[in-house]
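As provided, coords.cif (mmCIF, C-alpha atoms and all ligand atoms) reads as follows.
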data_target
#
loop_
_atom_site.group_PDB
_atom_site.id
_atom_site.type_symbol
_atom_site.label_atom_id
_atom_site.label_comp_id
_atom_site.auth_asym_id
_atom_site.auth_seq_id
_atom_site.Cartn_x
_atom_site.Cartn_y
_atom_site.Cartn_z
ATOM 1 C CA MET A 116 297.401 -71.257 90.872
ATOM 2 C CA ASP A 117 293.977 -69.970 91.953
ATOM 3 C CA ARG A 118 291.474 -69.740 89.166
ATOM 4 C CA PRO A 119 290.428 -66.126 88.519
ATOM 5 C CA VAL A 120 286.775 -65.125 88.116
ATOM 6 C CA THR A 121 286.632 -64.201 84.425
ATOM 7 C CA GLN A 122 282.920 -63.407 84.014
ATOM 8 C CA VAL A 123 280.027 -62.656 86.376
ATOM 9 C CA ILE A 124 276.464 -63.449 85.290
ATOM 10 C CA LYS A 125 273.334 -62.444 87.207
ATOM 11 C CA ALA A 126 270.605 -65.116 87.387
ATOM 12 C CA ARG A 127 267.282 -64.129 85.815
ATOM 13 C CA HIS A 128 263.915 -64.818 87.419
ATOM 14 C CA GLN A 129 261.586 -66.733 85.128
ATOM 15 C CA THR A 130 258.733 -69.235 85.047
ATOM 16 C CA GLU A 131 259.081 -72.803 83.759
ATOM 17 C CA GLY A 132 257.093 -76.014 83.227
ATOM 18 C CA GLY A 133 253.607 -75.763 84.706
ATOM 19 C CA GLY A 134 254.406 -72.314 86.153
ATOM 20 C CA PHE A 135 257.100 -72.825 88.774
ATOM 21 C CA LYS A 136 259.383 -69.952 89.594
ATOM 22 C CA ILE A 137 263.108 -70.319 89.028
ATOM 23 C CA ARG A 138 266.322 -68.316 89.012
ATOM 24 C CA ARG A 139 268.430 -69.229 85.968
ATOM 25 C CA PRO A 140 272.058 -68.098 85.677
ATOM 26 C CA LEU A 141 272.776 -70.448 82.745
ATOM 27 C CA PRO A 142 272.159 -70.227 79.856
ATOM 28 C CA SER A 143 272.284 -66.429 79.745
ATOM 29 C CA ALA A 144 272.699 -63.758 77.088
ATOM 30 C CA GLY A 145 276.448 -63.799 77.749
ATOM 31 C CA LEU A 146 276.987 -67.577 77.825
ATOM 32 C CA ARG A 147 275.067 -70.392 76.058
ATOM 33 C CA TYR A 148 276.608 -73.137 78.228
ATOM 34 C CA LEU A 149 279.798 -73.973 80.081
ATOM 35 C CA ASP A 150 280.769 -77.292 78.483
ATOM 36 C CA PRO A 151 279.602 -79.842 79.680
ATOM 37 C CA VAL A 152 277.045 -78.014 81.902
ATOM 38 C CA LEU A 153 274.105 -76.794 79.814
ATOM 39 C CA LEU A 154 271.708 -75.281 82.330
ATOM 40 C CA ILE A 155 271.390 -74.322 85.997
ATOM 41 C CA ASP A 156 267.907 -73.763 87.434
ATOM 42 C CA GLU A 157 267.358 -72.793 91.056
ATOM 43 C CA MET A 158 263.774 -73.860 91.779
ATOM 44 C CA GLY A 159 262.262 -71.440 94.299
ATOM 45 C CA PRO A 160 262.548 -71.031 97.173
ATOM 46 C CA VAL A 161 258.781 -70.702 96.960
ATOM 47 C CA ASP A 162 256.180 -71.090 99.700
ATOM 48 C CA TYR A 163 253.030 -72.681 98.321
ATOM 49 C CA ARG A 164 249.660 -72.369 99.973
ATOM 50 C CA PRO A 165 247.390 -75.455 99.813
ATOM 51 C CA GLY A 166 246.437 -76.199 96.198
ATOM 52 C CA GLU A 167 248.983 -73.774 94.711
ATOM 53 C CA GLY A 168 251.878 -76.163 94.031
ATOM 54 C CA VAL A 169 253.082 -76.383 90.444
ATOM 55 C CA GLY A 170 255.711 -78.485 88.700
ATOM 56 C CA ALA A 171 256.610 -79.873 85.295
ATOM 57 C CA PRO A 172 253.968 -82.316 84.017
ATOM 58 C CA ASP A 173 254.784 -85.022 81.395
ATOM 59 C CA HIS A 174 257.626 -83.945 79.073
ATOM 60 C CA PRO A 175 260.479 -85.710 77.223
ATOM 61 C CA HIS A 176 264.285 -85.503 77.313
ATOM 62 C CA ARG A 177 266.985 -86.952 75.022
ATOM 63 C CA GLY A 178 270.751 -86.648 74.741
ATOM 64 C CA PHE A 179 271.825 -85.434 78.195
ATOM 65 C CA GLU A 180 271.332 -85.821 81.965
ATOM 66 C CA THR A 181 269.112 -83.988 84.442
ATOM 67 C CA VAL A 182 270.422 -83.706 88.000
ATOM 68 C CA THR A 183 267.900 -82.712 90.664
ATOM 69 C CA TYR A 184 269.064 -81.691 94.132
ATOM 70 C CA MET A 185 266.406 -80.874 96.729
ATOM 71 C CA LEU A 186 267.104 -78.441 99.553
ATOM 72 C CA ASP A 187 263.594 -77.985 100.949
ATOM 73 C CA GLY A 188 260.280 -79.667 100.244
ATOM 74 C CA GLU A 189 259.496 -82.812 98.282
ATOM 75 C CA PHE A 190 259.274 -83.705 94.621
ATOM 76 C CA GLU A 191 257.619 -86.754 93.121
ATOM 77 C CA HIS A 192 258.653 -88.067 89.743
ATOM 78 C CA ARG A 193 257.192 -90.662 87.436
ATOM 79 C CA ASP A 194 258.386 -91.785 84.024
ATOM 80 C CA SER A 195 257.641 -93.756 80.874
ATOM 81 C CA ALA A 196 259.892 -96.628 81.983
ATOM 82 C CA GLY A 197 257.563 -97.259 84.949
ATOM 83 C CA HIS A 198 259.940 -95.657 87.436
ATOM 84 C CA ALA A 199 258.533 -93.477 90.244
ATOM 85 C CA GLY A 200 259.909 -92.033 93.450
ATOM 86 C CA SER A 201 260.170 -89.071 95.788
ATOM 87 C CA LEU A 202 262.976 -86.671 96.477
ATOM 88 C CA LEU A 203 263.336 -85.299 100.014
ATOM 89 C CA PRO A 204 265.580 -82.487 101.318
ATOM 90 C CA GLY A 205 269.238 -83.229 100.562
ATOM 91 C CA ASP A 206 268.447 -86.062 98.117
ATOM 92 C CA VAL A 207 269.919 -86.182 94.619
ATOM 93 C CA GLN A 208 268.470 -87.759 91.495
ATOM 94 C CA TRP A 209 270.972 -88.096 88.647
ATOM 95 C CA MET A 210 268.930 -89.093 85.592
ATOM 96 C CA THR A 211 270.589 -90.062 82.334
ATOM 97 C CA ALA A 212 267.897 -89.433 79.722
ATOM 98 C CA GLY A 213 270.072 -90.996 77.005
ATOM 99 C CA ARG A 214 267.969 -92.129 74.026
ATOM 100 C CA GLY A 215 264.811 -90.734 75.559
ATOM 101 C CA ILE A 216 262.403 -90.710 78.425
ATOM 102 C CA VAL A 217 259.110 -88.979 79.244
ATOM 103 C CA HIS A 218 258.750 -87.933 82.860
ATOM 104 C CA SER A 219 256.848 -85.654 85.230
ATOM 105 C CA GLU A 220 258.391 -83.710 88.105
ATOM 106 C CA MET A 221 255.862 -82.362 90.594
ATOM 107 C CA PRO A 222 255.736 -81.260 94.231
ATOM 108 C CA SER A 223 254.601 -84.153 96.453
ATOM 109 C CA THR A 224 250.933 -84.856 97.106
ATOM 110 C CA ARG A 225 251.467 -83.592 100.665
ATOM 111 C CA ILE A 226 252.781 -80.231 99.448
ATOM 112 C CA MET A 227 250.020 -80.007 96.849
ATOM 113 C CA GLU A 228 247.393 -80.577 99.555
ATOM 114 C CA GLU A 229 248.898 -78.824 102.580
ATOM 115 C CA GLY A 230 251.248 -76.305 100.980
ATOM 116 C CA GLY A 231 254.881 -75.829 101.956
ATOM 117 C CA ARG A 232 258.274 -74.632 100.826
ATOM 118 C CA VAL A 233 260.037 -75.961 97.718
ATOM 119 C CA HIS A 234 263.688 -75.131 97.034
ATOM 120 C CA GLY A 235 266.203 -77.046 94.960
ATOM 121 C CA PHE A 236 268.320 -77.195 91.862
ATOM 122 C CA GLN A 237 268.137 -78.848 88.515
ATOM 123 C CA ILE A 238 271.195 -78.786 86.327
ATOM 124 C CA TRP A 239 271.579 -80.302 82.861
ATOM 125 C CA VAL A 240 274.804 -82.142 82.058
ATOM 126 C CA ASN A 241 275.595 -82.907 78.426
ATOM 127 C CA LEU A 242 276.471 -86.397 77.202
ATOM 128 C CA PRO A 243 279.188 -87.074 74.626
ATOM 129 C CA ALA A 244 278.007 -88.116 71.130
ATOM 130 C CA ARG A 245 278.878 -91.763 71.851
ATOM 131 C CA LEU A 246 276.432 -91.833 74.819
ATOM 132 C CA LYS A 247 273.546 -89.674 73.613
ATOM 133 C CA MET A 248 271.503 -92.745 72.669
ATOM 134 C CA THR A 249 272.491 -94.817 75.723
ATOM 135 C CA GLN A 250 269.919 -96.641 77.833
ATOM 136 C CA PRO A 251 268.221 -94.294 80.344
ATOM 137 C CA ARG A 252 269.608 -94.656 83.881
ATOM 138 C CA TYR A 253 268.731 -93.337 87.348
ATOM 139 C CA GLN A 254 270.948 -92.838 90.331
ATOM 140 C CA GLU A 255 268.958 -91.840 93.378
ATOM 141 C CA VAL A 256 270.994 -91.001 96.424
ATOM 142 C CA ALA A 257 269.412 -90.225 99.785
ATOM 143 C CA ALA A 258 270.673 -87.189 101.701
ATOM 144 C CA SER A 259 272.338 -89.427 104.307
ATOM 145 C CA SER A 260 274.430 -91.085 101.568
ATOM 146 C CA ILE A 261 275.836 -87.890 100.042
ATOM 147 C CA PRO A 262 279.449 -87.619 101.286
ATOM 148 C CA GLU A 263 280.203 -84.535 103.380
ATOM 149 C CA ALA A 264 283.370 -82.971 104.719
ATOM 150 C CA VAL A 265 284.172 -80.125 107.104
ATOM 151 C CA SER A 266 287.266 -77.923 107.146
ATOM 152 C CA ASP A 267 289.670 -78.199 110.121
ATOM 153 C CA ASP A 268 288.380 -74.925 111.584
ATOM 154 C CA GLY A 269 284.764 -76.048 111.169
ATOM 155 C CA LEU A 270 283.818 -72.953 109.147
ATOM 156 C CA ALA A 271 283.422 -74.628 105.756
ATOM 157 C CA ARG A 272 281.233 -77.623 105.033
ATOM 158 C CA VAL A 273 280.838 -79.291 101.659
ATOM 159 C CA ARG A 274 278.410 -81.853 100.280
ATOM 160 C CA VAL A 275 280.147 -83.720 97.458
ATOM 161 C CA ILE A 276 277.620 -84.675 94.778
ATOM 162 C CA ALA A 277 280.240 -85.157 92.050
ATOM 163 C CA GLY A 278 284.019 -84.834 92.099
ATOM 164 C CA GLU A 279 286.206 -84.516 95.201
ATOM 165 C CA ALA A 280 286.449 -81.915 97.957
ATOM 166 C CA LEU A 281 288.408 -81.768 101.241
ATOM 167 C CA ASP A 282 289.714 -85.293 100.501
ATOM 168 C CA VAL A 283 286.197 -86.758 100.166
ATOM 169 C CA SER A 284 285.011 -88.392 96.917
ATOM 170 C CA ALA A 285 281.494 -88.437 95.520
ATOM 171 C CA ARG A 286 279.514 -91.641 95.424
ATOM 172 C CA ILE A 287 277.550 -90.922 92.241
ATOM 173 C CA ASP A 288 278.988 -92.368 89.042
ATOM 174 C CA THR A 289 279.226 -89.889 86.154
ATOM 175 C CA HIS A 290 279.771 -90.753 82.480
ATOM 176 C CA THR A 291 282.488 -88.092 82.136
ATOM 177 C CA PRO A 292 284.338 -86.236 84.939
ATOM 178 C CA ILE A 293 281.894 -83.773 86.558
ATOM 179 C CA LEU A 294 282.214 -81.391 89.514
ATOM 180 C CA TYR A 295 279.188 -80.730 91.709
ATOM 181 C CA HIS A 296 279.902 -79.418 95.212
ATOM 182 C CA HIS A 297 277.543 -77.632 97.622
ATOM 183 C CA TRP A 298 279.596 -75.425 99.970
ATOM 184 C CA ILE A 299 278.192 -73.871 103.152
ATOM 185 C CA LEU A 300 280.634 -71.195 104.356
ATOM 186 C CA GLN A 301 280.380 -69.445 107.735
ATOM 187 C CA PRO A 302 281.715 -65.901 108.268
ATOM 188 C CA GLY A 303 285.510 -66.123 108.374
ATOM 189 C CA ALA A 304 285.647 -69.326 106.273
ATOM 190 C CA ARG A 305 288.617 -69.560 103.910
ATOM 191 C CA VAL A 306 289.129 -72.601 101.681
ATOM 192 C CA THR A 307 291.529 -73.451 98.888
ATOM 193 C CA GLN A 308 290.262 -76.483 97.008
ATOM 194 C CA SER A 309 292.215 -78.217 94.278
ATOM 195 C CA LEU A 310 290.376 -78.775 90.996
ATOM 196 C CA PRO A 311 291.350 -80.838 87.950
ATOM 197 C CA ILE A 312 293.139 -78.402 85.649
ATOM 198 C CA GLU A 313 291.334 -79.734 82.561
ATOM 199 C CA SER A 314 287.827 -79.081 83.993
ATOM 200 C CA ASN A 315 285.704 -76.054 83.283
ATOM 201 C CA ALA A 316 284.351 -74.657 86.556
ATOM 202 C CA MET A 317 281.964 -72.003 87.897
ATOM 203 C CA LEU A 318 280.522 -70.835 91.216
ATOM 204 C CA TYR A 319 276.834 -70.060 91.778
ATOM 205 C CA VAL A 320 276.099 -68.168 95.004
ATOM 206 C CA PHE A 321 272.537 -68.688 96.251
ATOM 207 C CA ALA A 322 272.772 -67.258 99.774
ATOM 208 C CA GLY A 323 275.013 -64.612 101.294
ATOM 209 C CA ALA A 324 278.189 -63.470 99.576
ATOM 210 C CA ILE A 325 281.706 -64.801 98.994
ATOM 211 C CA GLU A 326 285.013 -63.754 97.545
ATOM 212 C CA SER A 327 286.903 -65.885 95.059
ATOM 213 C CA ALA A 328 290.415 -64.853 93.993
ATOM 214 C CA GLY A 329 289.690 -61.337 95.287
ATOM 215 C CA LYS A 330 286.422 -60.956 93.384
ATOM 216 C CA PRO A 331 283.110 -60.560 95.296
ATOM 217 C CA LEU A 332 280.161 -62.740 94.258
ATOM 218 C CA VAL A 333 276.764 -62.172 95.837
ATOM 219 C CA ASP A 334 273.483 -64.074 96.040
ATOM 220 C CA GLY A 335 272.208 -64.836 92.517
ATOM 221 C CA GLU A 336 275.570 -64.393 90.780
ATOM 222 C CA LEU A 337 277.368 -67.007 88.694
ATOM 223 C CA GLY A 338 281.142 -66.585 88.538
ATOM 224 C CA ILE A 339 282.874 -68.292 85.617
ATOM 225 C CA LEU A 340 286.374 -69.449 86.567
ATOM 226 C CA GLY A 341 289.450 -69.238 84.366
ATOM 227 C CA LYS A 342 292.480 -71.511 84.186
ATOM 228 C CA GLY A 343 294.183 -72.835 87.279
ATOM 229 C CA ASP A 344 294.428 -75.869 89.546
ATOM 230 C CA THR A 345 292.798 -74.450 92.699
ATOM 231 C CA VAL A 346 289.713 -72.452 93.579
ATOM 232 C CA ASN A 347 289.715 -70.097 96.490
ATOM 233 C CA LEU A 348 286.519 -69.425 98.493
ATOM 234 C CA SER A 349 286.188 -67.069 101.440
ATOM 235 C CA VAL A 350 283.573 -65.195 103.443
ATOM 236 C CA PRO A 351 284.592 -61.993 105.259
ATOM 237 C CA VAL A 352 284.734 -62.482 109.016
ATOM 238 C CA GLU A 353 282.405 -59.479 109.481
ATOM 239 C CA ALA A 354 279.657 -61.058 107.314
ATOM 240 C CA THR A 355 276.383 -61.553 109.166
ATOM 241 C CA ASP A 356 275.236 -64.697 107.341
ATOM 242 C CA ALA A 357 276.653 -67.949 106.028
ATOM 243 C CA ALA A 358 277.110 -68.195 102.270
ATOM 244 C CA GLN A 359 275.905 -71.087 100.143
ATOM 245 C CA VAL A 360 277.573 -71.870 96.856
ATOM 246 C CA LEU A 361 277.460 -74.532 94.166
ATOM 247 C CA LEU A 362 280.740 -75.312 92.448
ATOM 248 C CA LEU A 363 279.872 -76.856 89.082
ATOM 249 C CA GLY A 364 281.760 -77.951 86.011
ATOM 250 C CA GLY A 365 283.497 -80.825 84.309
ATOM 251 C CA VAL A 366 285.886 -81.823 81.583
ATOM 252 C CA PRO A 367 284.608 -80.196 78.366
ATOM 253 C CA LEU A 368 283.312 -82.536 75.650
ATOM 254 C CA GLY A 369 284.358 -80.206 72.840
ATOM 255 C CA GLU A 370 281.487 -81.277 70.575
ATOM 256 C CA ALA A 371 278.786 -79.320 68.729
ATOM 257 C CA VAL A 372 275.710 -78.575 70.884
ATOM 258 C CA VAL A 373 272.379 -78.347 69.071
ATOM 259 C CA GLN A 374 269.471 -77.836 71.454
ATOM 260 C CA HIS A 375 265.748 -77.777 70.830
ATOM 261 C CA GLY A 376 263.806 -77.448 74.094
ATOM 262 C CA PRO A 377 264.198 -80.728 75.993
ATOM 263 C CA PHE A 378 266.484 -82.376 73.390
ATOM 264 C CA VAL A 379 270.242 -81.767 73.178
ATOM 265 C CA MET A 380 272.062 -83.442 70.297
ATOM 266 C CA ASN A 381 275.060 -82.797 68.018
ATOM 267 C CA THR A 382 273.259 -82.050 64.727
ATOM 268 C CA ARG A 383 270.013 -80.567 63.449
ATOM 269 C CA GLU A 384 269.131 -83.946 61.859
ATOM 270 C CA GLU A 385 269.402 -85.670 65.248
ATOM 271 C CA ILE A 386 267.068 -83.029 66.727
ATOM 272 C CA ASN A 387 264.523 -83.635 63.952
ATOM 273 C CA GLN A 388 264.753 -87.372 64.660
ATOM 274 C CA ALA A 389 264.181 -86.740 68.389
ATOM 275 C CA ILE A 390 261.069 -84.661 67.654
ATOM 276 C CA THR A 391 259.707 -87.391 65.338
ATOM 277 C CA ASP A 392 260.509 -90.153 67.838
ATOM 278 C CA TYR A 393 258.750 -88.262 70.626
ATOM 279 C CA GLN A 394 255.694 -87.432 68.503
ATOM 280 C CA GLN A 395 255.399 -91.087 67.428
ATOM 281 C CA GLY A 396 255.560 -92.287 71.038
ATOM 282 C CA ARG A 397 259.013 -93.905 70.805
ATOM 283 C CA MET A 398 260.067 -92.292 74.078
ATOM 284 C CA GLY A 399 257.046 -93.917 75.745
ATOM 285 C CA VAL A 400 254.199 -92.513 77.771
ATOM 286 C CA ILE A 401 253.607 -92.365 81.517
ATOM 287 C CA GLN A 402 251.129 -94.989 82.703
ATOM 288 C CA GLN A 403 248.673 -93.525 85.196
ATOM 289 C CA ALA A 404 248.878 -95.085 88.644
ATOM 290 C CA GLY A 405 246.185 -97.719 89.295
HETATM 291 MN MN MN B 1 262.492 -82.902 83.100
#
Would it be possible to restate this file's structure as structure tokens?
Amino acid sequence: MDRPVTQVIKARHQTEGGGFKIRRPLPSAGLRYLDPVLLIDEMGPVDYRPGEGVGAPDHPHRGFETVTYMLDGEFEHRDSAGHAGSLLPGDVQWMTAGRGIVHSEMPSTRIMEEGGRVHGFQIWVNLPARLKMTQPRYQEVAASSIPEAVSDDGLARVRVIAGEALDVSARIDTHTPILYHHWILQPGARVTQSLPIESNAMLYVFAGAIESAGKPLVDGELGILGKGDTVNLSVPVEATDAAQVLLLGGVPLGEAVVQHGPFVMNTREEINQAITDYQQGRMGVIQQAG
């Protein structure tokens, strides 16, 4: 049975971190989170002139995972565990903050100096209570290593960051079952994709427009999906542009969610402990490059 669209949420424009512009469909006034996905930020697209680039300087996280997916431009990250790297278009960084990390996420030096376009996503995935204090972990996957599949008629293409689509399985290892697909749908595309019945799921349209189970969703809309074992995606044949959609979700954890800024725990006491640990430097500090 196709999952119906049970709620439609419009992403809000806002400013985050050091001043970068995002569209945020989740959380929203109508929905705090869709267990286990806590947040969806579309970063840009923004075209920086030289010297204008902004990002998120040193800040902590504890108790969940941040997943960064670049579409355009370059990000450089650096953290308190001595880890540093760059993200290029199509690359994914799946960071398990676990017990705590301090990191910075900034446009690359080249974009800072020369200007350029930045567009990407960061989503936050919750961790179950038993893993909130796990050792921090990175999975960095280059664009060329993200599995892709194309429908038989060539009109639908999917990049499989987590989960399975068109008989292709993701390479990234997730702590609990997660869905993260990027669909690119040409006019006339029509796909029915099976989904695990126990997973929550939603569709975020960030270019063009689609229909799912008879319901239209346009650029900037998040469609929450109801019960079912398939999701149906289509683009009218008379559409002028391709549509781009993230399909996100996972098996719900069913635990209490207590969030304070960059910390997501199960109780107020654990949040207070996270604040104390951060203030006392127990999540580390970023060493400046030589
Ligand atoms: Mn961060």
All residues 9 Å or closer to Lys136 (chain A), only C-alpha atoms, same chain fewer than 2 positions away omitted, as a list of chain:residue names = A:His128, A:Gln129, A:Thr130, A:Glu131, A:Gly134, A:Arg138, A:Glu157, A:Met158, A:Gly159, A:Pro160, A:Val161
Give as a compact mmCIF listing (two decimals) with C-alpha atoms, keeping the file's coordinate frame the residues that the PyMOL selection byres (((chain A and resi 263-276) around 6) and not hetatm) matches when applied to the coordinates above.
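Ended up saving to out_35.txt:
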# COMPACT_ATOMS: atom_id res chain seq x y z
CA PRO A 262 279.45 -87.62 101.29
CA ALA A 277 280.24 -85.16 92.05
CA ALA A 285 281.49 -88.44 95.52
CA TYR A 295 279.19 -80.73 91.71
CA HIS A 296 279.90 -79.42 95.21
CA HIS A 297 277.54 -77.63 97.62
CA TRP A 298 279.60 -75.42 99.97
CA ILE A 299 278.19 -73.87 103.15
CA LEU A 300 280.63 -71.19 104.36
CA GLN A 301 280.38 -69.44 107.74
CA ALA A 304 285.65 -69.33 106.27
Where does the PyMOL selection byres (((chain A and resi 292) around 10) and not hetatm) land in this file, that is, which residues does it pick, as a list in words?
->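 The output of the PyMOL selection byres (((chain A and resi 292) around 10) and not hetatm) on this file is Pro151, Ala277, Gly278, Asp288, Thr289, His290, Thr291, Ile293, Leu294, Pro311, Glu313, Ser314, Gly364, Gly365, Val366 and Pro367 of chain A.
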Create the file for the chosen residues now, containing C-alpha atoms and written as a PDB file, in the frame of the given file.
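To be explicit, this is the file written out as selection04.pdb:
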ATOM      1  CA  PRO A 151     279.602 -79.842  79.680  1.00  0.00           C
ATOM      2  CA  ALA A 277     280.240 -85.157  92.050  1.00  0.00           C
ATOM      3  CA  GLY A 278     284.019 -84.834  92.099  1.00  0.00           C
ATOM      4  CA  ASP A 288     278.988 -92.368  89.042  1.00  0.00           C
ATOM      5  CA  THR A 289     279.226 -89.889  86.154  1.00  0.00           C
ATOM      6  CA  HIS A 290     279.771 -90.753  82.480  1.00  0.00           C
ATOM      7  CA  THR A 291     282.488 -88.092  82.136  1.00  0.00           C
ATOM      8  CA  ILE A 293     281.894 -83.773  86.558  1.00  0.00           C
ATOM      9  CA  LEU A 294     282.214 -81.391  89.514  1.00  0.00           C
ATOM     10  CA  PRO A 311     291.350 -80.838  87.950  1.00  0.00           C
ATOM     11  CA  GLU A 313     291.334 -79.734  82.561  1.00  0.00           C
ATOM     12  CA  SER A 314     287.827 -79.081  83.993  1.00  0.00           C
ATOM     13  CA  GLY A 364     281.760 -77.951  86.011  1.00  0.00           C
ATOM     14  CA  GLY A 365     283.497 -80.825  84.309  1.00  0.00           C
ATOM     15  CA  VAL A 366     285.886 -81.823  81.583  1.00  0.00           C
ATOM     16  CA  PRO A 367     284.608 -80.196  78.366  1.00  0.00           C
TER      17      PRO A 367
END
Check the smallest atom-to-atom distance from each of A:Val333, A:Ile216, A:Val120, A:Met227 to ligand MN 1 (chain B) using only C-alpha atoms and all ligand atoms, then report the winner.
-> A:Ile216
Separation of CA of Gln308 (chain A) from CA of Val360 (chain A), in Å and rounded to one decimal | 13.5 Å
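Those residues that approach region 166-172 of chain A to within 6 Å, counting all atoms listed in the file, are A:Gly132, A:Gly133, A:Phe135, A:Tyr163, A:Ser219, A:Glu220, A:Met221, A:Met227, A:Glu228; same-chain residues fewer than 3 positions away are not listed.
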List all protein, DNA and RNA residues that have any atom at most 8 Å from ligand MN 1 (chain B), counting only C-alpha atoms and all ligand atoms, and write the list as a compact mmCIF listing (two decimals) with C-alpha atoms, keeping the file's coordinate frame.
# COMPACT_ATOMS: atom_id res chain seq x y z
CA ALA A 171 256.61 -79.87 85.30
CA HIS A 174 257.63 -83.94 79.07
CA PRO A 175 260.48 -85.71 77.22
CA HIS A 176 264.29 -85.50 77.31
CA THR A 181 269.11 -83.99 84.44
CA VAL A 217 259.11 -88.98 79.24
CA HIS A 218 258.75 -87.93 82.86
CA SER A 219 256.85 -85.65 85.23
CA GLU A 220 258.39 -83.71 88.10
CA PRO A 377 264.20 -80.73 75.99
Residue nearest Val207 (chain A) among A:Ile238, A:Ala126, A:Ala257, A:Ala389 (counting all atoms listed in the file) |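 For Val207 (chain A), the nearest of the candidates is A:Ala257.
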Could you tell me which residues the PyMOL selection byres (((chain A and resi 186) around 7) and not hetatm) grabs in this file, written as number ranges by chain?
-> A: 184-185, 187-188, 204-205, 234-235
For Thr121 (chain A): contacts at 7 Å, all atoms listed in the file, fewer than 5 positions along chain excluded, given as a PyMOL selection string = chain A and resi 339-341
From A:Leu203, A:Ile386, A:Leu337, A:Met380, residue lying nearest Gly178 (chain A) [all atoms listed in the file] = A:Met380
Out of A:Gly376, A:Gly329, A:Gly399, A:Pro302, which residue has the shortest atom-to-atom distance to Ala357 (chain A) when counting all atoms listed in the file?
->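 Nearest candidate to Ala357 (chain A) out of A:Gly376, A:Gly329, A:Gly399, A:Pro302: A:Pro302.
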Name the residues in contact with Val123 (chain A) at a cut-off of 12 Å, using all atoms listed in the file, excluding same-chain residues fewer than 5 positions from it; report them as number ranges by chain.
-> A: 140-141, 143-146, 317-320, 327, 330-341
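Shortest separation to Glu385 (chain A) among A:Ile137, A:Ala199, A:Met248, A:Ala354 occurs at residue A:Met248, atoms counted being all atoms listed in the file.
Atom pair CA of His192 (chain A) / CA of Trp209 (chain A) has a distance of 12.4 Å (rounded to one decimal).
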One-decimal distance in Å that lies between CA of Phe378 (chain A) and CA of Arg177 (chain A) = 4.9 Å
